[in-house]
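Notes follow once the structure below has been shown.
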Amino acid sequence: MSKLLITGCAGFIGWNVTELALRDSNVVIGIDNLNDAYDVRLKEWRLHQLRDKPNWTFYRIDISNQSEVAGVFKEHQGRESFDAVINLAARAGVQQSTKDPCEYYDTNLTGTLNLLELCRKFEVKKIILASTSSIYGEMKRPFREDQSTDTPLSPYAASKKAAEVLCYTYHYLYNLDITILRYFTVYGPAGRPDMNIFRFIKQVAEGSPVFIYGDGTQERDFTYVDDIAMGTLSALKLMGYEIINLGSDRPIKLLKVLHLIEQFVERQAEAKYKPRHPADVPATWADISRARKLLSWKPQVTLEEGIHKAVGWYMENRNWAKDILIEE
Ligand SMILES: NC(=O)c1ccc[n+]([C@@H]2O[C@H](COP(=O)([O-])OP(=O)(O)OC[C@H]3O[C@@H](n4cnc5c(N)ncnc54)[C@H](O)[C@@H]3O)[C@@H](O)[C@H]2O)c1
């Protein structure tokens, strides 16, 4: 049993990692500021699912505010300190980061710095940072962790690059054990409404036009959220400083995903095309040999199963999920 601090616990991945950590009998302290980067009802719904679980405490706190976060560390110092901090809180949209880059840096960089400083002061042994496949930009695929990530295409990806580099410095100077996990397009039930899969499901189910940026042939290494949660917790062991891709190693065209959604919703999409946003990477594909070797991890859920579950969740929750705001 470990005592974990998980930031971004009301977020899509954070909620799933928290659920799994609690199921594995860990004690979880969760932090989230419940910001309105997307419809807050979805974050509240996720938190509601956690409400009665034992060994679970929630703080509504902003990680870019050092004194607020320090308060949580101090409160827990008297008892047992955290065994690990899993930093999943972030401003995460690629296109949105071109509109408000400062917000991205406050959370993704300053927030990470605050946590690193507190981990150093309070002698937390293990830190996990969520990073992203977007960091590879237009590099040759499949993406390997030792490839250059010096040419990210969006302020979001650049902020994650900066956070990764900062983590290395803290590992080097203070011997903090840090694992960077580069996630590849994560999807599943109660997913992010600013991402294609949630948007497509809602638009197809509600009979509204489905907007596709680019020609739909762009490929993503879609990865089911349960696999990501499992991979994240398996990275809690001490490894020094490591960067590890977590992806499905099976790139799929966006139009193929739309067809699967049409099939499960049993309705044809009214597709409308818009120009590709220059901040969006044209394609992703993870080389996951390092995850296999270091974490004995491999994805378990096929795209068909995963999309089926994501559509199932929407249909079950449609009475309120149909009102979730999405940007077209
Ligand atoms: N979903 C993906 O496909 C994907 C892919 C690559 C990387 N990631 C990374 O994984 C992590 C989780 O992503 P997600 O998809 O769950 O996103 P999400 O937006 O659903 O979750 C992030 C959570 O962090 C919270 N948060 C944001 N800023 C905060 C702050 N300053 N203080 C406290 N809480 C704050 C948000 O309210 C939100 O609940 C992020 O670091 C993201 O960059 C996600």
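Letters A, B, ... go to the chains of the structure tokens in the order shown; residues in each chain start at 1; ligands are counted from 1 in the same order.
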Review point. Which residues come within 12 Å of Ile61 in chain A, counting only C-alpha atoms, excluding same-chain residues fewer than 3 positions away, as a PyMOL selection string?
Key: chain A and resi 6-10+29-35+58+64-72+89+107+111
Backbone-only DSSP, helix (DSSP H, G or I) members of range 7-251 of chain A, as a compact mmCIF listing (two decimals) with N, CA and C atoms, in the first residue's frame:
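File produced: result_9.txt:
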# COMPACT_ATOMS: atom_id res chain seq x y z
N PHE A 12 -9.64 13.36 -17.10
CA PHE A 12 -9.96 12.08 -17.72
C PHE A 12 -8.99 10.97 -17.25
N ILE A 13 -7.70 11.20 -17.42
CA ILE A 13 -6.72 10.17 -17.05
C ILE A 13 -6.58 10.11 -15.53
N GLY A 14 -6.54 11.29 -14.88
CA GLY A 14 -6.38 11.34 -13.42
C GLY A 14 -7.46 10.56 -12.70
N TRP A 15 -8.70 10.70 -13.16
CA TRP A 15 -9.81 9.97 -12.53
C TRP A 15 -9.59 8.46 -12.67
N ASN A 16 -9.18 8.01 -13.84
CA ASN A 16 -8.96 6.57 -14.05
C ASN A 16 -7.77 6.05 -13.26
N VAL A 17 -6.71 6.84 -13.18
CA VAL A 17 -5.54 6.42 -12.38
C VAL A 17 -5.93 6.36 -10.90
N THR A 18 -6.71 7.35 -10.45
CA THR A 18 -7.15 7.37 -9.05
C THR A 18 -8.02 6.14 -8.74
N GLU A 19 -8.98 5.87 -9.62
CA GLU A 19 -9.86 4.68 -9.42
C GLU A 19 -9.01 3.42 -9.26
N LEU A 20 -8.05 3.25 -10.17
CA LEU A 20 -7.24 2.03 -10.16
C LEU A 20 -6.36 1.98 -8.91
N ALA A 21 -5.79 3.13 -8.54
CA ALA A 21 -4.92 3.17 -7.36
C ALA A 21 -5.72 2.83 -6.10
N LEU A 22 -6.95 3.31 -6.01
CA LEU A 22 -7.78 3.01 -4.84
C LEU A 22 -8.19 1.54 -4.84
N ARG A 23 -8.50 1.03 -6.03
CA ARG A 23 -8.86 -0.40 -6.15
C ARG A 23 -7.69 -1.27 -5.68
N VAL A 40 -17.13 21.77 -17.14
CA VAL A 40 -16.79 21.34 -15.78
C VAL A 40 -17.71 20.21 -15.29
N ARG A 41 -18.90 20.10 -15.89
CA ARG A 41 -19.82 19.04 -15.43
C ARG A 41 -19.19 17.65 -15.55
N LEU A 42 -18.34 17.51 -16.55
CA LEU A 42 -17.69 16.22 -16.76
C LEU A 42 -16.69 15.94 -15.62
N LYS A 43 -15.98 16.96 -15.19
CA LYS A 43 -15.02 16.80 -14.07
C LYS A 43 -15.78 16.51 -12.79
N GLU A 44 -16.91 17.21 -12.61
CA GLU A 44 -17.71 16.97 -11.39
C GLU A 44 -18.28 15.56 -11.39
N TRP A 45 -18.69 15.10 -12.55
CA TRP A 45 -19.24 13.74 -12.65
C TRP A 45 -18.17 12.73 -12.25
N ARG A 46 -16.95 12.93 -12.76
CA ARG A 46 -15.86 11.98 -12.43
C ARG A 46 -15.59 11.99 -10.92
N LEU A 47 -15.52 13.21 -10.34
CA LEU A 47 -15.26 13.30 -8.90
C LEU A 47 -16.36 12.61 -8.10
N HIS A 48 -17.58 12.74 -8.59
CA HIS A 48 -18.73 12.13 -7.93
C HIS A 48 -18.57 10.61 -7.85
N GLN A 49 -17.98 10.03 -8.89
CA GLN A 49 -17.77 8.57 -8.90
C GLN A 49 -16.80 8.15 -7.78
N LEU A 50 -15.95 9.09 -7.36
CA LEU A 50 -14.93 8.75 -6.35
C LEU A 50 -15.39 9.02 -4.92
N GLN A 66 2.08 28.01 -5.39
CA GLN A 66 2.99 27.20 -4.58
C GLN A 66 2.54 27.07 -3.13
N SER A 67 2.02 28.18 -2.55
CA SER A 67 1.68 28.08 -1.12
C SER A 67 0.49 27.14 -0.90
N GLU A 68 -0.45 27.13 -1.85
CA GLU A 68 -1.59 26.20 -1.70
C GLU A 68 -1.10 24.74 -1.73
N VAL A 69 -0.23 24.46 -2.69
CA VAL A 69 0.24 23.07 -2.80
C VAL A 69 1.11 22.72 -1.59
N ALA A 70 1.92 23.70 -1.14
CA ALA A 70 2.77 23.46 0.04
C ALA A 70 1.89 23.11 1.24
N GLY A 71 0.73 23.75 1.33
CA GLY A 71 -0.20 23.47 2.44
C GLY A 71 -0.57 21.99 2.48
N VAL A 72 -0.80 21.40 1.31
CA VAL A 72 -1.17 19.97 1.28
C VAL A 72 0.01 19.10 1.72
N PHE A 73 1.20 19.45 1.25
CA PHE A 73 2.38 18.67 1.66
C PHE A 73 2.57 18.79 3.18
N LYS A 74 2.42 20.03 3.71
CA LYS A 74 2.64 20.23 5.16
C LYS A 74 1.63 19.44 5.97
N GLU A 75 0.39 19.49 5.50
CA GLU A 75 -0.67 18.79 6.23
C GLU A 75 -0.36 17.29 6.34
N HIS A 76 0.30 16.76 5.33
CA HIS A 76 0.55 15.32 5.33
C HIS A 76 1.95 14.97 5.84
N GLN A 77 2.75 16.00 6.12
CA GLN A 77 4.10 15.70 6.58
C GLN A 77 4.10 15.11 7.98
N GLN A 96 -5.97 24.61 -28.54
CA GLN A 96 -6.28 25.67 -27.57
C GLN A 96 -5.01 26.35 -27.06
N SER A 97 -3.90 25.61 -27.07
CA SER A 97 -2.66 26.20 -26.52
C SER A 97 -2.14 27.33 -27.38
N THR A 98 -2.60 27.39 -28.65
CA THR A 98 -2.16 28.50 -29.49
C THR A 98 -2.94 29.77 -29.12
N PRO A 101 -1.39 30.52 -24.58
CA PRO A 101 -0.17 29.81 -24.15
C PRO A 101 0.24 30.09 -22.72
N CYS A 102 -0.08 31.29 -22.19
CA CYS A 102 0.39 31.63 -20.83
C CYS A 102 -0.22 30.69 -19.79
N GLU A 103 -1.51 30.41 -19.93
CA GLU A 103 -2.17 29.45 -19.02
C GLU A 103 -1.41 28.12 -19.03
N TYR A 104 -0.98 27.73 -20.23
CA TYR A 104 -0.31 26.43 -20.37
C TYR A 104 0.99 26.40 -19.60
N TYR A 105 1.72 27.51 -19.67
CA TYR A 105 3.00 27.54 -18.96
C TYR A 105 2.82 27.63 -17.46
N ASP A 106 1.78 28.36 -17.01
CA ASP A 106 1.53 28.46 -15.56
C ASP A 106 1.35 27.07 -14.95
N THR A 107 0.51 26.27 -15.61
CA THR A 107 0.24 24.94 -15.03
C THR A 107 1.33 23.94 -15.40
N ASN A 108 1.63 23.84 -16.69
CA ASN A 108 2.47 22.72 -17.13
C ASN A 108 3.93 22.89 -16.71
N LEU A 109 4.37 24.14 -16.60
CA LEU A 109 5.76 24.35 -16.22
C LEU A 109 5.90 24.82 -14.77
N THR A 110 5.26 25.96 -14.44
CA THR A 110 5.38 26.45 -13.06
C THR A 110 4.76 25.45 -12.09
N GLY A 111 3.63 24.86 -12.47
CA GLY A 111 2.99 23.85 -11.61
C GLY A 111 3.93 22.68 -11.37
N THR A 112 4.57 22.22 -12.42
CA THR A 112 5.51 21.10 -12.28
C THR A 112 6.70 21.51 -11.40
N LEU A 113 7.19 22.73 -11.60
CA LEU A 113 8.31 23.22 -10.78
C LEU A 113 7.92 23.25 -9.30
N ASN A 114 6.72 23.74 -9.01
CA ASN A 114 6.26 23.76 -7.61
C ASN A 114 6.28 22.37 -7.00
N LEU A 115 5.80 21.41 -7.76
CA LEU A 115 5.75 20.03 -7.23
C LEU A 115 7.16 19.47 -7.04
N LEU A 116 8.03 19.75 -8.00
CA LEU A 116 9.41 19.25 -7.88
C LEU A 116 10.08 19.82 -6.64
N GLU A 117 9.90 21.13 -6.43
CA GLU A 117 10.50 21.78 -5.25
C GLU A 117 9.99 21.15 -3.95
N LEU A 118 8.67 20.91 -3.92
CA LEU A 118 8.08 20.35 -2.70
C LEU A 118 8.52 18.90 -2.51
N CYS A 119 8.66 18.16 -3.62
CA CYS A 119 9.14 16.78 -3.50
C CYS A 119 10.56 16.75 -2.95
N ARG A 120 11.35 17.72 -3.40
CA ARG A 120 12.73 17.82 -2.89
C ARG A 120 12.71 18.11 -1.38
N LYS A 121 11.92 19.14 -1.01
CA LYS A 121 11.91 19.55 0.40
C LYS A 121 11.34 18.46 1.31
N SER A 133 2.78 12.49 -26.74
CA SER A 133 3.31 12.13 -28.06
C SER A 133 3.50 13.38 -28.93
N SER A 134 2.76 14.47 -28.61
CA SER A 134 2.87 15.69 -29.43
C SER A 134 4.29 16.25 -29.42
N ILE A 135 5.04 15.86 -28.40
CA ILE A 135 6.40 16.38 -28.24
C ILE A 135 7.30 15.98 -29.42
N TYR A 136 6.94 14.89 -30.14
CA TYR A 136 7.76 14.42 -31.25
C TYR A 136 7.57 15.23 -32.53
N PRO A 155 2.46 25.31 -28.51
CA PRO A 155 2.89 25.74 -27.17
C PRO A 155 2.65 24.65 -26.13
N TYR A 156 1.58 23.86 -26.30
CA TYR A 156 1.32 22.74 -25.38
C TYR A 156 2.50 21.77 -25.38
N ALA A 157 2.87 21.30 -26.57
CA ALA A 157 3.96 20.32 -26.65
C ALA A 157 5.27 20.94 -26.13
N ALA A 158 5.48 22.22 -26.44
CA ALA A 158 6.71 22.88 -25.97
C ALA A 158 6.71 22.98 -24.44
N SER A 159 5.52 23.20 -23.85
CA SER A 159 5.47 23.30 -22.38
C SER A 159 5.79 21.95 -21.74
N LYS A 160 5.38 20.87 -22.38
CA LYS A 160 5.69 19.54 -21.85
C LYS A 160 7.18 19.23 -22.01
N LYS A 161 7.73 19.67 -23.12
CA LYS A 161 9.18 19.50 -23.32
C LYS A 161 9.94 20.22 -22.20
N ALA A 162 9.50 21.46 -21.91
CA ALA A 162 10.17 22.23 -20.85
C ALA A 162 10.05 21.51 -19.51
N ALA A 163 8.88 20.95 -19.24
CA ALA A 163 8.68 20.26 -17.96
C ALA A 163 9.55 19.00 -17.88
N GLU A 164 9.66 18.29 -18.99
CA GLU A 164 10.52 17.09 -19.01
C GLU A 164 11.96 17.47 -18.66
N VAL A 165 12.42 18.55 -19.29
CA VAL A 165 13.82 18.97 -19.11
C VAL A 165 14.06 19.39 -17.65
N LEU A 166 13.08 20.10 -17.10
CA LEU A 166 13.18 20.52 -15.70
C LEU A 166 13.26 19.29 -14.77
N CYS A 167 12.49 18.28 -15.10
CA CYS A 167 12.51 17.04 -14.31
C CYS A 167 13.91 16.42 -14.34
N TYR A 168 14.53 16.45 -15.52
CA TYR A 168 15.88 15.89 -15.60
C TYR A 168 16.81 16.63 -14.63
N THR A 169 16.72 17.97 -14.63
CA THR A 169 17.60 18.78 -13.77
C THR A 169 17.40 18.40 -12.30
N TYR A 170 16.14 18.20 -11.89
CA TYR A 170 15.88 17.83 -10.48
C TYR A 170 16.39 16.42 -10.18
N HIS A 171 16.31 15.57 -11.17
CA HIS A 171 16.88 14.23 -10.97
C HIS A 171 18.39 14.34 -10.80
N TYR A 172 19.01 15.13 -11.69
CA TYR A 172 20.47 15.25 -11.67
C TYR A 172 20.96 15.89 -10.36
N LEU A 173 20.34 17.01 -9.97
CA LEU A 173 20.82 17.75 -8.81
C LEU A 173 20.47 17.07 -7.48
N TYR A 174 19.25 16.53 -7.40
CA TYR A 174 18.75 16.08 -6.08
C TYR A 174 18.46 14.59 -6.04
N ASN A 196 -11.20 14.36 -30.37
CA ASN A 196 -12.05 13.89 -31.48
C ASN A 196 -13.06 12.82 -31.08
N ILE A 197 -12.63 11.82 -30.30
CA ILE A 197 -13.53 10.68 -30.09
C ILE A 197 -14.79 11.08 -29.34
N PHE A 198 -14.65 11.85 -28.27
CA PHE A 198 -15.85 12.31 -27.56
C PHE A 198 -16.73 13.16 -28.49
N ARG A 199 -16.07 14.07 -29.19
CA ARG A 199 -16.80 14.98 -30.08
C ARG A 199 -17.55 14.20 -31.16
N PHE A 200 -16.86 13.24 -31.79
CA PHE A 200 -17.49 12.45 -32.86
C PHE A 200 -18.69 11.67 -32.32
N ILE A 201 -18.52 11.04 -31.15
CA ILE A 201 -19.63 10.23 -30.59
C ILE A 201 -20.84 11.13 -30.37
N LYS A 202 -20.60 12.27 -29.75
CA LYS A 202 -21.73 13.16 -29.46
C LYS A 202 -22.38 13.65 -30.76
N GLN A 203 -21.55 14.07 -31.70
CA GLN A 203 -22.11 14.64 -32.94
C GLN A 203 -22.86 13.58 -33.75
N VAL A 204 -22.32 12.37 -33.79
CA VAL A 204 -23.03 11.32 -34.54
C VAL A 204 -24.33 10.97 -33.82
N ALA A 205 -24.24 10.77 -32.49
CA ALA A 205 -25.43 10.36 -31.73
C ALA A 205 -26.54 11.41 -31.81
N VAL A 225 -7.89 4.13 -22.09
CA VAL A 225 -7.51 4.75 -20.81
C VAL A 225 -7.17 3.73 -19.71
N ASP A 226 -7.79 2.56 -19.71
CA ASP A 226 -7.44 1.56 -18.67
C ASP A 226 -5.99 1.10 -18.84
N ASP A 227 -5.57 0.96 -20.10
CA ASP A 227 -4.17 0.58 -20.34
C ASP A 227 -3.23 1.67 -19.84
N ILE A 228 -3.63 2.93 -20.07
CA ILE A 228 -2.79 4.05 -19.61
C ILE A 228 -2.72 4.07 -18.08
N ALA A 229 -3.85 3.83 -17.43
CA ALA A 229 -3.86 3.85 -15.95
C ALA A 229 -2.95 2.73 -15.42
N MET A 230 -3.05 1.57 -16.04
CA MET A 230 -2.21 0.45 -15.59
C MET A 230 -0.72 0.76 -15.80
N GLY A 231 -0.40 1.30 -16.96
CA GLY A 231 0.98 1.64 -17.26
C GLY A 231 1.51 2.70 -16.29
N THR A 232 0.66 3.64 -15.94
CA THR A 232 1.07 4.73 -15.04
C THR A 232 1.42 4.17 -13.66
N LEU A 233 0.58 3.31 -13.14
CA LEU A 233 0.86 2.78 -11.80
C LEU A 233 2.05 1.81 -11.82
N SER A 234 2.24 1.15 -12.96
CA SER A 234 3.39 0.23 -12.99
C SER A 234 4.71 1.01 -13.07
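Counting only C-alpha atoms and comparing A:Pro299, A:Gly188, A:Pro251, A:Gly11, the residue that lies closest to Ala92 in chain A is A:Gly11.
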Review point. Looking only at the backbone, which of the residues in range 42-144 of chain A does DSSP tag as strand (DSSP E or B), as a ChimeraX atom specification?
Key: /A:56-60,84-87,126-132,143
Practice item. Write out as a ChimeraX atom specification the residues lying within 10 Å of Leu294 in chain A, counting only C-alpha atoms and excluding same-chain residues fewer than 6 positions away. Key: /A:234-235,237,239,242,244
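Between Ala84 in chain A and the residues A:Ser296, A:Asn26, A:Ser2, A:Ser208, the shortest atom-to-atom distance, using only C-alpha atoms, involves A:Ser2.
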Practice item. Could you please determine the separation between CA of Arg267 in chain A and CA of Met195 in chain A in Å, to one decimal place? Key: 20.1 Å
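Residue nearest ligand 1, chosen from A:Gly247, A:Gly137, A:Pro209, A:Pro152 and counting only C-alpha atoms and all ligand atoms: A:Gly247.
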Practice item. Determine, counting only C-alpha atoms, which protein, DNA and RNA residues have an atom within 9 Å of an atom of Ala283 in chain A; residues of the same chain fewer than 2 positions away are not included. Present the result as number ranges by chain. Key: A: 137-138, 141, 218-221, 251, 253, 280-281, 285
With N, CA and C atoms retained, could you export that selection as a PDB file, in the first residue's frame?
ATOM      1  N   GLY A 137       6.520  16.051 -32.562  1.00  0.00           N
ATOM      2  CA  GLY A 137       6.292  16.868 -33.763  1.00  0.00           C
ATOM      3  C   GLY A 137       6.215  16.017 -35.011  1.00  0.00           C
ATOM      4  N   GLU A 138       7.016  16.382 -36.015  1.00  0.00           N
ATOM      5  CA  GLU A 138       6.947  15.660 -37.298  1.00  0.00           C
ATOM      6  C   GLU A 138       8.120  14.698 -37.485  1.00  0.00           C
ATOM      7  N   ARG A 141       8.521   8.157 -37.792  1.00  0.00           N
ATOM      8  CA  ARG A 141       7.781   7.193 -36.968  1.00  0.00           C
ATOM      9  C   ARG A 141       8.308   5.769 -37.196  1.00  0.00           C
ATOM     10  N   GLN A 218      -5.228  11.482 -41.303  1.00  0.00           N
ATOM     11  CA  GLN A 218      -4.170  11.574 -40.280  1.00  0.00           C
ATOM     12  C   GLN A 218      -4.309  10.392 -39.322  1.00  0.00           C
ATOM     13  N   GLU A 219      -3.158   9.904 -38.862  1.00  0.00           N
ATOM     14  CA  GLU A 219      -3.173   8.700 -38.026  1.00  0.00           C
ATOM     15  C   GLU A 219      -2.809   9.034 -36.587  1.00  0.00           C
ATOM     16  N   ARG A 220      -3.468   8.352 -35.661  1.00  0.00           N
ATOM     17  CA  ARG A 220      -3.151   8.478 -34.241  1.00  0.00           C
ATOM     18  C   ARG A 220      -3.016   7.091 -33.636  1.00  0.00           C
ATOM     19  N   ASP A 221      -2.122   6.995 -32.656  1.00  0.00           N
ATOM     20  CA  ASP A 221      -1.918   5.734 -31.962  1.00  0.00           C
ATOM     21  C   ASP A 221      -2.870   5.713 -30.756  1.00  0.00           C
ATOM     22  N   PRO A 251      -1.132   2.551 -35.188  1.00  0.00           N
ATOM     23  CA  PRO A 251      -1.716   3.809 -35.669  1.00  0.00           C
ATOM     24  C   PRO A 251      -2.946   3.581 -36.547  1.00  0.00           C
ATOM     25  N   LYS A 253      -6.209   5.536 -38.835  1.00  0.00           N
ATOM     26  CA  LYS A 253      -6.686   6.774 -39.462  1.00  0.00           C
ATOM     27  C   LYS A 253      -7.945   7.281 -38.737  1.00  0.00           C
ATOM     28  N   ASP A 280      -1.404  20.768 -35.049  1.00  0.00           N
ATOM     29  CA  ASP A 280      -1.695  19.331 -34.936  1.00  0.00           C
ATOM     30  C   ASP A 280      -0.644  18.532 -35.675  1.00  0.00           C
ATOM     31  N   VAL A 281      -0.074  17.527 -35.016  1.00  0.00           N
ATOM     32  CA  VAL A 281       0.921  16.708 -35.719  1.00  0.00           C
ATOM     33  C   VAL A 281       0.204  15.837 -36.749  1.00  0.00           C
ATOM     34  N   TRP A 285       2.765   7.439 -33.705  1.00  0.00           N
ATOM     35  CA  TRP A 285       2.916   5.985 -33.614  1.00  0.00           C
ATOM     36  C   TRP A 285       4.008   5.744 -32.572  1.00  0.00           C
TER      37      TRP A 285
END
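Take the candidates A:Asp194, A:Glu270, A:Asp52, A:Asp150 and check each one against ligand 1 using only C-alpha atoms and all ligand atoms; the shortest distance goes to A:Asp194.
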Exercise for review: Could you tell me which of A:Gly312, A:Pro54, A:Gly306, A:Gly216 comes closest to Lys274 in chain A if we count only C-alpha atoms?
Suggested key: A:Gly216
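Nearest residue to Ser25 in chain A among A:Leu4, A:Ala286, A:Val124, A:Ala269 is A:Leu4, counting only C-alpha atoms.
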